[in-house]
file coords-v1.pdb (PDB, C-alpha atoms)
ATOM      1  CA  MET P   1       0.000   0.000   0.000
ATOM      2  CA  ASN P   2       1.278   3.442  -0.969
ATOM      3  CA  LYS P   3       0.216   5.954   1.694
ATOM      4  CA  GLU P   4       0.597   8.949  -0.617
ATOM      5  CA  ILE P   5      -1.673   7.410  -3.245
ATOM      6  CA  LEU P   6      -4.190   6.368  -0.589
ATOM      7  CA  THR P   7      -4.240   9.848   0.949
ATOM      8  CA  GLU P   8      -4.875  11.493  -2.423
ATOM      9  CA  LEU P   9      -7.579   9.022  -3.404
ATOM     10  CA  ARG P  10      -9.362   9.681  -0.117
ATOM     11  CA  ARG P  11      -9.008  13.429  -0.566
ATOM     12  CA  ILE P  12     -10.606  13.277  -4.011
ATOM     13  CA  ALA P  13     -13.344  10.689  -3.468
ATOM     14  CA  GLY P  14     -13.891  10.743   0.294
ATOM     15  CA  GLU P  15     -12.582   8.301   2.882
ATOM     16  CA  GLU P  16     -15.548   5.912   2.745
ATOM     17  CA  ALA P  17     -15.360   5.675  -1.054
ATOM     18  CA  VAL P  18     -11.849   4.158  -1.014
ATOM     19  CA  LEU P  19     -11.205   0.496  -0.199
ATOM     20  CA  VAL P  20      -7.812  -1.227   0.035
ATOM     21  CA  ASP P  21      -7.104  -4.828  -1.057
ATOM     22  CA  GLU P  22     -10.713  -5.168  -2.135
ATOM     23  CA  PRO P  23     -11.859  -8.569  -3.538
ATOM     24  CA  MET P  24     -13.176  -7.937  -7.038
ATOM     25  CA  SER P  25     -15.443 -10.969  -6.658
ATOM     26  CA  ARG P  26     -17.709  -8.602  -4.705
ATOM     27  CA  HIS P  27     -18.030  -6.235  -7.663
ATOM     28  CA  VAL P  28     -18.394  -8.402 -10.772
ATOM     29  CA  THR P  29     -21.391 -10.536 -11.705
ATOM     30  CA  PHE P  30     -19.184 -13.629 -12.137
ATOM     31  CA  ARG P  31     -18.512 -13.448  -8.361
ATOM     32  CA  ALA P  32     -14.879 -14.466  -8.935
ATOM     33  CA  GLY P  33     -11.467 -12.833  -9.192
ATOM     34  CA  GLY P  34      -8.663 -11.495  -7.041
ATOM     35  CA  LYS P  35      -8.124  -8.294  -5.064
ATOM     36  CA  ALA P  36      -7.574  -4.763  -6.336
ATOM     37  CA  ASP P  37      -4.899  -2.707  -4.595
ATOM     38  CA  TYR P  38      -7.408   0.154  -4.390
ATOM     39  CA  PHE P  39     -11.116   0.295  -5.192
ATOM     40  CA  VAL P  40     -12.692   3.735  -5.493
ATOM     41  CA  THR P  41     -16.331   4.628  -6.082
ATOM     42  CA  ALA P  42     -16.817   7.966  -7.863
ATOM     43  CA  GLU P  43     -20.143   9.420  -6.780
ATOM     44  CA  SER P  44     -20.115  12.503  -9.015
ATOM     45  CA  GLU P  45     -18.858  13.578 -12.405
ATOM     46  CA  ALA P  46     -16.515  16.079 -10.745
ATOM     47  CA  VAL P  47     -14.971  13.359  -8.561
ATOM     48  CA  LEU P  48     -14.596  11.021 -11.524
ATOM     49  CA  THR P  49     -12.865  13.609 -13.710
ATOM     50  CA  GLU P  50     -10.479  14.682 -10.926
ATOM     51  CA  LEU P  51      -9.744  11.056 -10.093
ATOM     52  CA  ILE P  52      -8.910  10.144 -13.704
ATOM     53  CA  HIS P  53      -6.766  13.271 -14.035
ATOM     54  CA  PHE P  54      -4.757  12.282 -10.932
ATOM     55  CA  LEU P  55      -4.280   8.673 -12.061
ATOM     56  CA  ARG P  56      -3.172   9.728 -15.529
ATOM     57  CA  LYS P  57      -0.832  12.443 -14.234
ATOM     58  CA  GLU P  58       0.851  10.060 -11.787
ATOM     59  CA  ASN P  59       0.931   7.238 -14.358
ATOM     60  CA  ILE P  60      -0.959   4.878 -12.010
ATOM     61  CA  SER P  61      -2.630   1.833 -13.574
ATOM     62  CA  TRP P  62      -6.405   2.076 -13.402
ATOM     63  CA  TYR P  63      -9.468   0.281 -14.709
ATOM     64  CA  LEU P  64     -13.018   1.601 -14.919
ATOM     65  CA  ILE P  65     -16.085  -0.528 -14.172
ATOM     66  CA  GLY P  66     -19.816  -0.012 -13.954
ATOM     67  CA  ASN P  67     -21.910  -2.922 -12.707
ATOM     68  CA  GLY P  68     -19.114  -5.428 -13.409
ATOM     69  CA  SER P  69     -21.404  -7.465 -15.654
ATOM     70  CA  ASN P  70     -19.045  -8.128 -18.540
ATOM     71  CA  VAL P  71     -15.662  -8.304 -16.870
ATOM     72  CA  LEU P  72     -13.484 -10.791 -14.991
ATOM     73  CA  PHE P  73     -10.405  -9.962 -12.911
ATOM     74  CA  VAL P  74      -7.751 -12.691 -12.754
ATOM     75  CA  ASP P  75      -7.036 -14.437  -9.443
ATOM     76  CA  ASP P  76      -3.748 -12.544  -9.016
ATOM     77  CA  GLY P  77      -5.825  -9.398  -8.700
ATOM     78  CA  TYR P  78      -5.307  -5.934 -10.102
ATOM     79  CA  HIS P  79      -2.220  -3.944  -9.163
ATOM     80  CA  GLY P  80      -3.577  -0.460  -9.467
ATOM     81  CA  VAL P  81      -6.835   1.414  -8.911
ATOM     82  CA  VAL P  82     -10.236   0.085  -9.917
ATOM     83  CA  VAL P  83     -12.677   2.964 -10.331
ATOM     84  CA  LYS P  84     -16.399   2.277 -10.109
ATOM     85  CA  ILE P  85     -18.759   4.839 -11.600
ATOM     86  CA  GLY P  86     -21.524   5.478  -9.098
ATOM     87  CA  ARG P  87     -25.049   6.650  -9.812
ATOM     88  CA  PHE P  88     -24.702  10.417 -10.080
ATOM     89  CA  PRO P  89     -27.622  12.488  -8.688
ATOM     90  CA  GLU P  90     -30.304  13.554 -11.176
ATOM     91  CA  ASP P  91     -28.597  11.795 -14.053
ATOM     92  CA  LEU P  92     -31.674  10.224 -15.653
ATOM     93  CA  LYS P  93     -33.797  12.770 -17.514
ATOM     94  CA  VAL P  94     -36.501  12.760 -20.186
ATOM     95  CA  GLU P  95     -36.541  15.705 -22.593
ATOM     96  CA  GLY P  96     -39.299  15.180 -25.171
ATOM     97  CA  ASN P  97     -38.391  12.037 -27.106
ATOM     98  CA  ARG P  98     -34.837  12.126 -25.797
ATOM     99  CA  LEU P  99     -33.572  10.370 -22.705
ATOM    100  CA  ARG P 100     -30.275  11.208 -21.009
ATOM    101  CA  ALA P 101     -28.567   8.984 -18.476
ATOM    102  CA  GLY P 102     -25.311   9.087 -16.569
ATOM    103  CA  ALA P 103     -22.767   6.336 -17.166
ATOM    104  CA  GLY P 104     -23.429   4.750 -13.755
ATOM    105  CA  VAL P 105     -27.172   4.306 -14.290
ATOM    106  CA  LEU P 106     -28.239   0.703 -14.831
ATOM    107  CA  LEU P 107     -29.378   0.145 -18.405
ATOM    108  CA  SER P 108     -32.502  -1.565 -17.058
ATOM    109  CA  GLN P 109     -33.337   1.634 -15.127
ATOM    110  CA  MET P 110     -32.972   3.661 -18.313
ATOM    111  CA  ALA P 111     -35.323   1.259 -20.115
ATOM    112  CA  LYS P 112     -37.828   1.538 -17.233
ATOM    113  CA  LYS P 113     -37.701   5.344 -17.433
ATOM    114  CA  ALA P 114     -38.440   5.144 -21.160
ATOM    115  CA  GLU P 115     -41.402   2.849 -20.445
ATOM    116  CA  GLU P 116     -42.776   5.281 -17.853
ATOM    117  CA  ALA P 117     -42.480   8.131 -20.383
ATOM    118  CA  GLY P 118     -44.252   6.100 -23.076
ATOM    119  CA  LEU P 119     -41.171   5.985 -25.296
ATOM    120  CA  THR P 120     -40.343   2.936 -27.389
ATOM    121  CA  GLY P 121     -36.944   1.747 -28.616
ATOM    122  CA  LEU P 122     -35.229   0.589 -25.436
ATOM    123  CA  GLU P 123     -37.313  -2.478 -24.654
ATOM    124  CA  PHE P 124     -34.418  -4.766 -25.639
ATOM    125  CA  ALA P 125     -32.314  -3.268 -22.831
ATOM    126  CA  ALA P 126     -34.680  -4.048 -19.953
ATOM    127  CA  GLY P 127     -32.915  -7.269 -18.924
ATOM    128  CA  ILE P 128     -29.324  -6.339 -19.680
ATOM    129  CA  PRO P 129     -27.513  -6.188 -16.288
ATOM    130  CA  GLY P 130     -24.864  -3.574 -17.130
ATOM    131  CA  THR P 131     -24.688   0.200 -16.790
ATOM    132  CA  VAL P 132     -25.253   2.804 -19.473
ATOM    133  CA  GLY P 133     -21.508   3.465 -19.676
ATOM    134  CA  GLY P 134     -20.689  -0.187 -20.219
ATOM    135  CA  ALA P 135     -23.537  -0.524 -22.723
ATOM    136  CA  VAL P 136     -22.082   2.295 -24.814
ATOM    137  CA  VAL P 137     -18.546   0.891 -24.683
ATOM    138  CA  MET P 138     -19.715  -2.587 -25.769
ATOM    139  CA  ASN P 139     -22.622  -1.416 -27.953
ATOM    140  CA  ALA P 140     -24.745  -3.748 -25.853
ATOM    141  CA  GLY P 141     -27.696  -5.462 -27.435
ATOM    142  CA  ALA P 142     -30.233  -8.259 -27.135
ATOM    143  CA  TYR P 143     -33.248  -9.647 -28.974
ATOM    144  CA  GLY P 144     -32.584  -7.759 -32.204
ATOM    145  CA  GLY P 145     -31.880  -4.358 -30.657
ATOM    146  CA  GLU P 146     -28.627  -2.618 -29.747
ATOM    147  CA  MET P 147     -27.465   0.738 -28.430
ATOM    148  CA  LYS P 148     -26.483   2.057 -31.845
ATOM    149  CA  ASP P 149     -30.151   1.894 -32.879
ATOM    150  CA  CYS P 150     -31.043   4.754 -30.546
ATOM    151  CA  ILE P 151     -27.831   6.552 -29.468
ATOM    152  CA  VAL P 152     -27.625  10.210 -30.480
ATOM    153  CA  ARG P 153     -24.466  11.331 -28.694
ATOM    154  CA  VAL P 154     -22.270  10.538 -25.707
ATOM    155  CA  LYS P 155     -20.475  12.845 -23.261
ATOM    156  CA  VAL P 156     -16.913  11.700 -22.612
ATOM    157  CA  LEU P 157     -13.716  12.662 -20.849
ATOM    158  CA  ASP P 158     -10.924  12.614 -23.442
ATOM    159  CA  LYS P 159      -7.241  11.768 -22.984
ATOM    160  CA  GLU P 160      -6.403  15.443 -22.384
ATOM    161  CA  GLY P 161      -8.896  15.588 -19.537
ATOM    162  CA  LYS P 162     -11.415  17.673 -21.469
ATOM    163  CA  ILE P 163     -15.137  16.957 -21.480
ATOM    164  CA  CYS P 164     -16.738  16.797 -24.922
ATOM    165  CA  TRP P 165     -19.609  15.185 -26.797
ATOM    166  CA  LEU P 166     -19.154  12.499 -29.453
ATOM    167  CA  SER P 167     -21.786  12.056 -32.152
ATOM    168  CA  LYS P 168     -23.199   8.668 -33.107
ATOM    169  CA  GLU P 169     -20.920   8.634 -36.154
ATOM    170  CA  GLU P 170     -17.837   9.441 -34.066
ATOM    171  CA  LEU P 171     -18.632   6.545 -31.710
ATOM    172  CA  LYS P 172     -17.958   3.973 -34.507
ATOM    173  CA  LEU P 173     -20.562   1.610 -33.122
ATOM    174  CA  SER P 174     -20.644  -1.921 -34.517
ATOM    175  CA  TYR P 175     -21.233  -5.416 -33.094
ATOM    176  CA  ARG P 176     -19.934  -5.300 -29.491
ATOM    177  CA  HIS P 177     -17.564  -2.472 -30.408
ATOM    178  CA  SER P 178     -17.161   1.296 -30.062
ATOM    179  CA  ILE P 179     -14.439   3.939 -30.383
ATOM    180  CA  MET P 180     -13.902   3.541 -26.620
ATOM    181  CA  MET P 181     -12.108   0.282 -27.354
ATOM    182  CA  GLU P 182      -9.598   2.146 -29.505
ATOM    183  CA  GLU P 183      -9.236   5.497 -27.740
ATOM    184  CA  PRO P 184      -8.941   6.320 -24.003
ATOM    185  CA  PHE P 185     -12.331   8.010 -23.683
ATOM    186  CA  VAL P 186     -14.279   7.735 -20.422
ATOM    187  CA  VAL P 187     -18.061   7.697 -20.863
ATOM    188  CA  LEU P 188     -19.855  10.184 -18.608
ATOM    189  CA  GLU P 189     -23.360  10.372 -20.064
ATOM    190  CA  ALA P 190     -25.395   9.088 -23.006
ATOM    191  CA  GLU P 191     -28.341  10.538 -24.887
ATOM    192  CA  VAL P 192     -30.771   8.385 -26.868
ATOM    193  CA  LEU P 193     -33.585   9.316 -29.249
ATOM    194  CA  LEU P 194     -36.731   7.213 -28.928
ATOM    195  CA  GLU P 195     -40.204   7.184 -30.472
ATOM    196  CA  PRO P 196     -43.561   7.843 -28.819
ATOM    197  CA  GLY P 197     -45.351   4.559 -28.202
ATOM    198  CA  ASN P 198     -48.195   2.891 -26.373
ATOM    199  CA  ARG P 199     -47.148   2.384 -22.775
ATOM    200  CA  GLU P 200     -49.107  -0.871 -22.384
ATOM    201  CA  GLU P 201     -47.487  -2.288 -25.530
ATOM    202  CA  ILE P 202     -44.032  -1.214 -24.333
ATOM    203  CA  SER P 203     -44.648  -2.851 -20.935
ATOM    204  CA  GLY P 204     -45.935  -5.992 -22.613
ATOM    205  CA  LYS P 205     -42.852  -6.253 -24.821
ATOM    206  CA  MET P 206     -40.550  -5.810 -21.835
ATOM    207  CA  LYS P 207     -42.416  -8.506 -19.874
ATOM    208  CA  GLU P 208     -42.276 -10.856 -22.853
ATOM    209  CA  LEU P 209     -38.500 -10.391 -23.245
ATOM    210  CA  ALA P 210     -37.987 -10.812 -19.482
ATOM    211  CA  HIS P 211     -39.926 -14.086 -19.624
ATOM    212  CA  ARG P 212     -37.869 -15.339 -22.569
ATOM    213  CA  ARG P 213     -34.691 -14.435 -20.718
ATOM    214  CA  ARG P 214     -35.755 -16.308 -17.564
ATOM    215  CA  GLU P 215     -36.799 -19.341 -19.613
ATOM    216  CA  LYS P 216     -33.622 -19.624 -21.667
ATOM    217  CA  GLN P 217     -30.805 -18.127 -19.614
ATOM    218  CA  PRO P 218     -29.201 -19.392 -16.357
ATOM    219  CA  LEU P 219     -30.019 -16.245 -14.381
ATOM    220  CA  GLU P 220     -29.969 -18.214 -11.112
ATOM    221  CA  TYR P 221     -26.155 -18.486 -11.260
ATOM    222  CA  PRO P 222     -23.402 -15.861 -11.348
ATOM    223  CA  SER P 223     -22.088 -15.257 -14.862
ATOM    224  CA  ALA P 224     -21.099 -12.445 -17.183
ATOM    225  CA  GLY P 225     -24.033 -13.031 -19.495
ATOM    226  CA  SER P 226     -23.210 -14.419 -22.932
ATOM    227  CA  THR P 227     -19.604 -15.566 -22.689
ATOM    228  CA  PHE P 228     -18.848 -15.422 -26.410
ATOM    229  CA  LYS P 229     -19.593 -13.071 -29.274
ATOM    230  CA  ARG P 230     -21.843 -14.432 -31.972
ATOM    231  CA  PRO P 231     -19.620 -15.848 -34.743
ATOM    232  CA  GLU P 232     -20.737 -14.772 -38.208
ATOM    233  CA  GLY P 233     -23.123 -17.335 -39.656
ATOM    234  CA  TYR P 234     -23.359 -19.348 -36.423
ATOM    235  CA  PHE P 235     -24.711 -19.337 -32.874
ATOM    236  CA  ALA P 236     -22.074 -19.826 -30.180
ATOM    237  CA  GLY P 237     -24.390 -21.819 -27.906
ATOM    238  CA  LYS P 238     -25.281 -24.311 -30.649
ATOM    239  CA  LEU P 239     -21.644 -24.825 -31.638
ATOM    240  CA  ILE P 240     -20.733 -25.493 -28.004
ATOM    241  CA  GLU P 241     -23.631 -27.882 -27.507
ATOM    242  CA  ASP P 242     -22.876 -29.702 -30.782
ATOM    243  CA  ALA P 243     -19.285 -30.108 -29.578
ATOM    244  CA  GLY P 244     -20.653 -32.064 -26.617
ATOM    245  CA  LEU P 245     -19.666 -29.450 -24.051
ATOM    246  CA  LYS P 246     -23.023 -28.691 -22.435
ATOM    247  CA  GLY P 247     -22.599 -29.169 -18.677
ATOM    248  CA  LYS P 248     -18.787 -29.422 -18.922
ATOM    249  CA  THR P 249     -17.189 -28.384 -15.616
ATOM    250  CA  ILE P 250     -13.799 -27.393 -14.268
ATOM    251  CA  GLY P 251     -14.024 -26.925 -10.517
ATOM    252  CA  ASP P 252     -17.144 -24.832  -9.938
ATOM    253  CA  ALA P 253     -17.052 -23.310 -13.433
ATOM    254  CA  GLN P 254     -19.593 -24.878 -15.776
ATOM    255  CA  VAL P 255     -20.903 -24.584 -19.316
ATOM    256  CA  SER P 256     -24.546 -23.998 -18.441
ATOM    257  CA  GLU P 257     -26.902 -26.924 -18.973
ATOM    258  CA  LYS P 258     -29.668 -24.392 -19.638
ATOM    259  CA  HIS P 259     -27.829 -22.370 -22.324
ATOM    260  CA  SER P 260     -24.450 -23.503 -23.615
ATOM    261  CA  GLY P 261     -23.457 -19.954 -24.556
ATOM    262  CA  PHE P 262     -23.072 -19.159 -20.850
ATOM    263  CA  VAL P 263     -20.195 -20.156 -18.603
ATOM    264  CA  ILE P 264     -21.474 -19.935 -15.025
ATOM    265  CA  ASN P 265     -20.136 -20.012 -11.481
ATOM    266  CA  LYS P 266     -21.852 -22.897  -9.684
ATOM    267  CA  GLY P 267     -20.461 -21.891  -6.304
ATOM    268  CA  ASN P 268     -16.880 -20.908  -5.620
ATOM    269  CA  ALA P 269     -15.276 -20.953  -9.056
ATOM    270  CA  THR P 270     -11.972 -19.133  -9.373
ATOM    271  CA  ALA P 271     -11.228 -16.841 -12.294
ATOM    272  CA  GLY P 272      -8.603 -19.387 -13.314
ATOM    273  CA  GLU P 273     -11.177 -22.198 -13.519
ATOM    274  CA  ILE P 274     -13.529 -20.005 -15.532
ATOM    275  CA  LEU P 275     -10.792 -19.014 -17.975
ATOM    276  CA  GLU P 276      -9.525 -22.586 -18.297
ATOM    277  CA  LEU P 277     -13.028 -23.783 -19.160
ATOM    278  CA  ILE P 278     -13.487 -20.963 -21.679
ATOM    279  CA  SER P 279     -10.193 -21.921 -23.319
ATOM    280  CA  LYS P 280     -11.210 -25.589 -23.532
ATOM    281  CA  VAL P 281     -14.508 -24.593 -25.143
ATOM    282  CA  GLN P 282     -12.748 -22.389 -27.688
ATOM    283  CA  ASN P 283     -10.249 -25.114 -28.582
ATOM    284  CA  LYS P 284     -12.834 -27.907 -28.886
ATOM    285  CA  VAL P 285     -15.177 -25.830 -31.050
ATOM    286  CA  TYR P 286     -12.274 -24.799 -33.283
ATOM    287  CA  GLU P 287     -11.083 -28.402 -33.615
ATOM    288  CA  GLN P 288     -14.536 -29.670 -34.554
ATOM    289  CA  PHE P 289     -15.965 -26.833 -36.614
ATOM    290  CA  GLY P 290     -13.063 -24.537 -37.554
ATOM    291  CA  VAL P 291     -14.763 -21.609 -35.830
ATOM    292  CA  ARG P 292     -12.782 -19.535 -33.353
ATOM    293  CA  LEU P 293     -15.103 -18.278 -30.607
ATOM    294  CA  GLU P 294     -14.193 -14.804 -29.385
ATOM    295  CA  MET P 295     -14.850 -13.874 -25.774
ATOM    296  CA  GLU P 296     -17.371 -11.158 -25.067
ATOM    297  CA  VAL P 297     -16.153 -10.993 -21.456
ATOM    298  CA  ARG P 298     -13.244  -8.641 -20.836
ATOM    299  CA  VAL P 299     -10.421 -10.161 -18.795
ATOM    300  CA  VAL P 300      -8.443  -7.767 -16.580
ATOM    301  CA  LYS P 301      -4.923  -8.646 -15.410
TER     302      LYS P 301
END

call {"tool": "encode", "arguments": {"input": "coords-v1.pdb", "output": "structure tokens"}}
result
Amino acid sequence: MNKEILTELRRIAGEEAVLVDEPMSRHVTFRAGGKADYFVTAESEAVLTELIHFLRKENISWYLIGNGSNVLFVDDGYHGVVVKIGRFPEDLKVEGNRLRAGAGVLLSQMAKKAEEAGLTGLEFAAGIPGTVGGAVVMNAGAYGGEMKDCIVRVKVLDKEGKICWLSKEELKLSYRHSIMMEEPFVVLEAEVLLEPGNREEISGKMKELAHRRREKQPLEYPSAGSTFKRPEGYFAGKLIEDAGLKGKTIGDAQVSEKHSGFVINKGNATAGEILELISKVQNKVYEQFGVRLEMEVRVVK
């Protein structure tokens, strides 16, 4: 532990917002992974921007998370500062057909706000467990919809520490990809453009998708959602099942028996067990079908 770093982190974010040697298993939906040297929750945009400025200026390794729903920290932990974007006050607003949300807002909360306002276009997002920031970075999607269908612009912190807005075109959104994967932008806020709709129909669609999700996905176990990206011309889950890997386990990591596209934590799986199982799945599918499955989950070392 570096006392100077700890003192400055506490000064910026507040003493209670800074944790030392914090198990990342408490902060990711896989419920696995090692400890972070420092874990800081940024509860305002001002705190987040000052925090990032300090970490960049001092050349301290850092990693930004939202709800931890698409990320896995290795068992050795993270030697640096993990920054969690909190839910900033008053950062979910409806302005006509536009909806603005801070990066720390859960995507499901944004979808609920759209439903309440009678706006259609975000129904697909109701069951996605991540935050708005993570959804923008990954161009999250489900059931035929994705963020790029409704995004108008995104407020970011750039590498110089300046706050600016990026247009939809500048975001370079494609399947599970955005400019944030190429450039060191930090998402602060997103604005989407929706269409007026019938509130009962919107609610009905959201309930239908939630039912389909419960029926087909292993929501009763910790996971990071779909483990693999969809390979062009194929479905990852079917390839894995056809390779005879449904139910395959290593320790407490398992290829879900409910949906083979999910690797789940049946109890106390380590990050190492999860990653070993993922690797075995990738290798077996490649050997049998010549298709290389690409992870959707981001691994942090």

call {"tool": "residues_near_point", "arguments": {"input": "coords-v1.pdb", "point": "(-15.2, -23.3, -12.8)", "cutoff": "6 Å", "atoms": "only C-alpha atoms", "output": "list of chain:residue names"}}
result
P:Ile250, P:Gly251, P:Asp252, P:Ala253, P:Gln254, P:Ala269, P:Glu273, P:Ile274

call {"tool": "closest_residue", "arguments": {"input": "coords-v1.pdb", "among": "P:Ile163, P:Val192, P:Val299, P:Ala36", "to": "Lys148 of chain P", "atoms": "all atoms listed in the file"}}
result
P:Val192

call {"tool": "atom_distance", "arguments": {"input": "coords-v1.pdb", "atom1": "atom CA of Tyr175 of chain P", "atom2": "atom CA of Glu294 of chain P"}}
result
12.3 Å

call {"tool": "closest_residue", "arguments": {"input": "coords-v1.pdb", "among": "P:Val285, P:Leu19, P:Met181, P:Ala32", "to": "Ser69 of chain P", "atoms": "all atoms listed in the file"}}
result
P:Ala32

call {"tool": "resolve_selection", "arguments": {"input": "coords-v1.pdb", "expression": "the PyMOL selection byres ((chain P and resi 160) around 10)", "output": "NGL selection string"}}
result
:P and (53 or 56 or 157-159 or 161-163 or 184-185)

call {"tool": "resolve_selection", "arguments": {"input": "coords-v1.pdb", "expression": "the PyMOL selection byres ((chain P and resi 98) around 12)", "output": "MDAnalysis selection string"}}
result
chainID P and resid 92:97 99:101 110 113:114 117:122 150:153 190:196

call {"tool": "residues_around", "arguments": {"input": "coords-v1.pdb", "residues": "Ser178 of chain P", "least_positions_apart": "2", "cutoff": "8 Å", "atoms": "all atoms listed in the file", "output": "ChimeraX atom specification"}}
result
/P:136-139,171-174,176,180-182

call {"tool": "atom_distance", "arguments": {"input": "coords-v1.pdb", "atom1": "atom CA of Ser167 of chain P", "atom2": "atom CA of Ser61 of chain P"}}
result
28.6 Å

call {"tool": "residues_around", "arguments": {"input": "coords-v1.pdb", "residues": "Asn70 of chain P", "least_positions_apart": "4", "cutoff": "10 Å", "atoms": "only C-alpha atoms", "output": "list in words"}}
result
Val28, Thr29, Phe30, Ile65, Gly66, Pro129, Gly130, Gly134, Ala135, Met138, Ser223, Ala224, Gly225, Ser226, Thr227, Glu296, Val297, Arg298 and Val299 of chain P

call {"tool": "residues_around", "arguments": {"input": "coords-v1.pdb", "residues": "segment 78-84 of chain P", "least_positions_apart": "5", "cutoff": "7 Å", "atoms": "only C-alpha atoms", "output": "short mmCIF file (atom, residue, chain, number, x, y, z; two decimals) with C-alpha atoms, in the frame of the given file"}}
result
data_model
loop_
_atom_site.label_atom_id
_atom_site.label_comp_id
_atom_site.auth_asym_id
_atom_site.auth_seq_id
_atom_site.Cartn_x
_atom_site.Cartn_y
_atom_site.Cartn_z
CA LYS P 35 -8.12 -8.29 -5.06
CA ALA P 36 -7.57 -4.76 -6.34
CA ASP P 37 -4.90 -2.71 -4.60
CA TYR P 38 -7.41 0.15 -4.39
CA PHE P 39 -11.12 0.30 -5.19
CA VAL P 40 -12.69 3.74 -5.49
CA THR P 41 -16.33 4.63 -6.08
CA ALA P 42 -16.82 7.97 -7.86
CA ILE P 60 -0.96 4.88 -12.01
CA SER P 61 -2.63 1.83 -13.57
CA TRP P 62 -6.40 2.08 -13.40
CA TYR P 63 -9.47 0.28 -14.71
CA LEU P 64 -13.02 1.60 -14.92
CA ILE P 65 -16.08 -0.53 -14.17
CA GLY P 66 -19.82 -0.01 -13.95
CA LYS P 301 -4.92 -8.65 -15.41
#

call {"tool": "closest_residue", "arguments": {"input": "coords-v1.pdb", "among": "P:Gly272, P:Gly127, P:Gly290, P:Gly244", "to": "Pro231 of chain P", "atoms": "only C-alpha atoms"}}
result
P:Gly290

call {"tool": "atom_distance", "arguments": {"input": "coords-v1.pdb", "atom1": "atom CA of Val105 of chain P", "atom2": "atom CA of Lys155 of chain P"}}
result
14.1 Å

call {"tool": "resolve_selection", "arguments": {"input": "coords-v1.pdb", "expression": "the PyMOL selection byres ((chain P and resi 1) around 8)", "output": "list in words"}}
result
Asn2, Lys3, Leu6, Val20 and Asp37 of chain P

call {"tool": "write_last_selection", "arguments": {"input": "coords-v1.pdb", "atoms": "C-alpha atoms", "output": "PDB file, in the coordinates of the input"}}
result
ATOM      1  CA  ASN P   2       1.278   3.442  -0.969  1.00  0.00           C
ATOM      2  CA  LYS P   3       0.216   5.954   1.694  1.00  0.00           C
ATOM      3  CA  LEU P   6      -4.190   6.368  -0.589  1.00  0.00           C
ATOM      4  CA  VAL P  20      -7.812  -1.227   0.035  1.00  0.00           C
ATOM      5  CA  ASP P  37      -4.899  -2.707  -4.595  1.00  0.00           C
TER       6      ASP P  37
END

call {"tool": "closest_residue", "arguments": {"input": "coords-v1.pdb", "among": "P:Lys284, P:Arg26, P:Lys258, P:Phe54", "to": "Asp242 of chain P", "atoms": "all atoms listed in the file"}}
result
P:Lys284

call {"tool": "closest_residue", "arguments": {"input": "coords-v1.pdb", "among": "P:Glu220, P:Val47, P:Ile264, P:Asp21", "to": "Leu9 of chain P", "atoms": "all atoms listed in the file"}}
result
P:Val47

call {"tool": "axis_aligned_box", "arguments": {"input": "coords-v1.pdb", "around": "segment 228-244 of chain P", "padding_each_side": "6 Å", "output": "lines of an AutoDock Vina configuration file"}}
result
center_x = -22.1
center_y = -22.6
center_z = -33.0
size_x = 18.4
size_y = 31.0
size_z = 25.2

call {"tool": "residues_around", "arguments": {"input": "coords-v1.pdb", "residues": "Val281 of chain P", "least_positions_apart": "3", "cutoff": "9 Å", "atoms": "all atoms listed in the file", "output": "CSV table (one decimal) with C-alpha atoms, in the coordinates of the input"}}
result
chain,number,residue,atom,x,y,z
P,240,ILE,CA,-20.7,-25.5,-28.0
P,243,ALA,CA,-19.3,-30.1,-29.6
P,245,LEU,CA,-19.7,-29.4,-24.1
P,248,LYS,CA,-18.8,-29.4,-18.9
P,255,VAL,CA,-20.9,-24.6,-19.3
P,276,GLU,CA,-9.5,-22.6,-18.3
P,277,LEU,CA,-13.0,-23.8,-19.2
P,278,ILE,CA,-13.5,-21.0,-21.7
P,284,LYS,CA,-12.8,-27.9,-28.9
P,285,VAL,CA,-15.2,-25.8,-31.0
P,286,TYR,CA,-12.3,-24.8,-33.3
P,293,LEU,CA,-15.1,-18.3,-30.6

call {"tool": "closest_residue", "arguments": {"input": "coords-v1.pdb", "among": "P:Arg10, P:Lys205, P:Lys246, P:Arg31", "to": "Asn268 of chain P", "atoms": "all atoms listed in the file"}}
result
P:Arg31

call {"tool": "residues_around", "arguments": {"input": "coords-v1.pdb", "residues": "Ala46 of chain P", "least_positions_apart": "3", "cutoff": "10 Å", "atoms": "all atoms listed in the file", "output": "VMD selection string"}}
result
chain P and resid 12 to 13 42 to 43 49 to 51 88

call {"tool": "decode", "arguments": {"input": "coords-v1.pdb", "residues": "segment 78-89 of chain P", "atoms": "C-alpha atoms", "output": "PDB file, in the first residue's frame"}}
result
ATOM      1  CA  TYR P  78      -5.307  -5.934 -10.102  1.00  0.00           C
ATOM      2  CA  HIS P  79      -2.220  -3.944  -9.163  1.00  0.00           C
ATOM      3  CA  GLY P  80      -3.577  -0.460  -9.467  1.00  0.00           C
ATOM      4  CA  VAL P  81      -6.835   1.414  -8.911  1.00  0.00           C
ATOM      5  CA  VAL P  82     -10.236   0.085  -9.917  1.00  0.00           C
ATOM      6  CA  VAL P  83     -12.677   2.964 -10.331  1.00  0.00           C
ATOM      7  CA  LYS P  84     -16.399   2.277 -10.109  1.00  0.00           C
ATOM      8  CA  ILE P  85     -18.759   4.839 -11.600  1.00  0.00           C
ATOM      9  CA  GLY P  86     -21.524   5.478  -9.098  1.00  0.00           C
ATOM     10  CA  ARG P  87     -25.049   6.650  -9.812  1.00  0.00           C
ATOM     11  CA  PHE P  88     -24.702  10.417 -10.080  1.00  0.00           C
ATOM     12  CA  PRO P  89     -27.622  12.488  -8.688  1.00  0.00           C
TER      13      PRO P  89
END
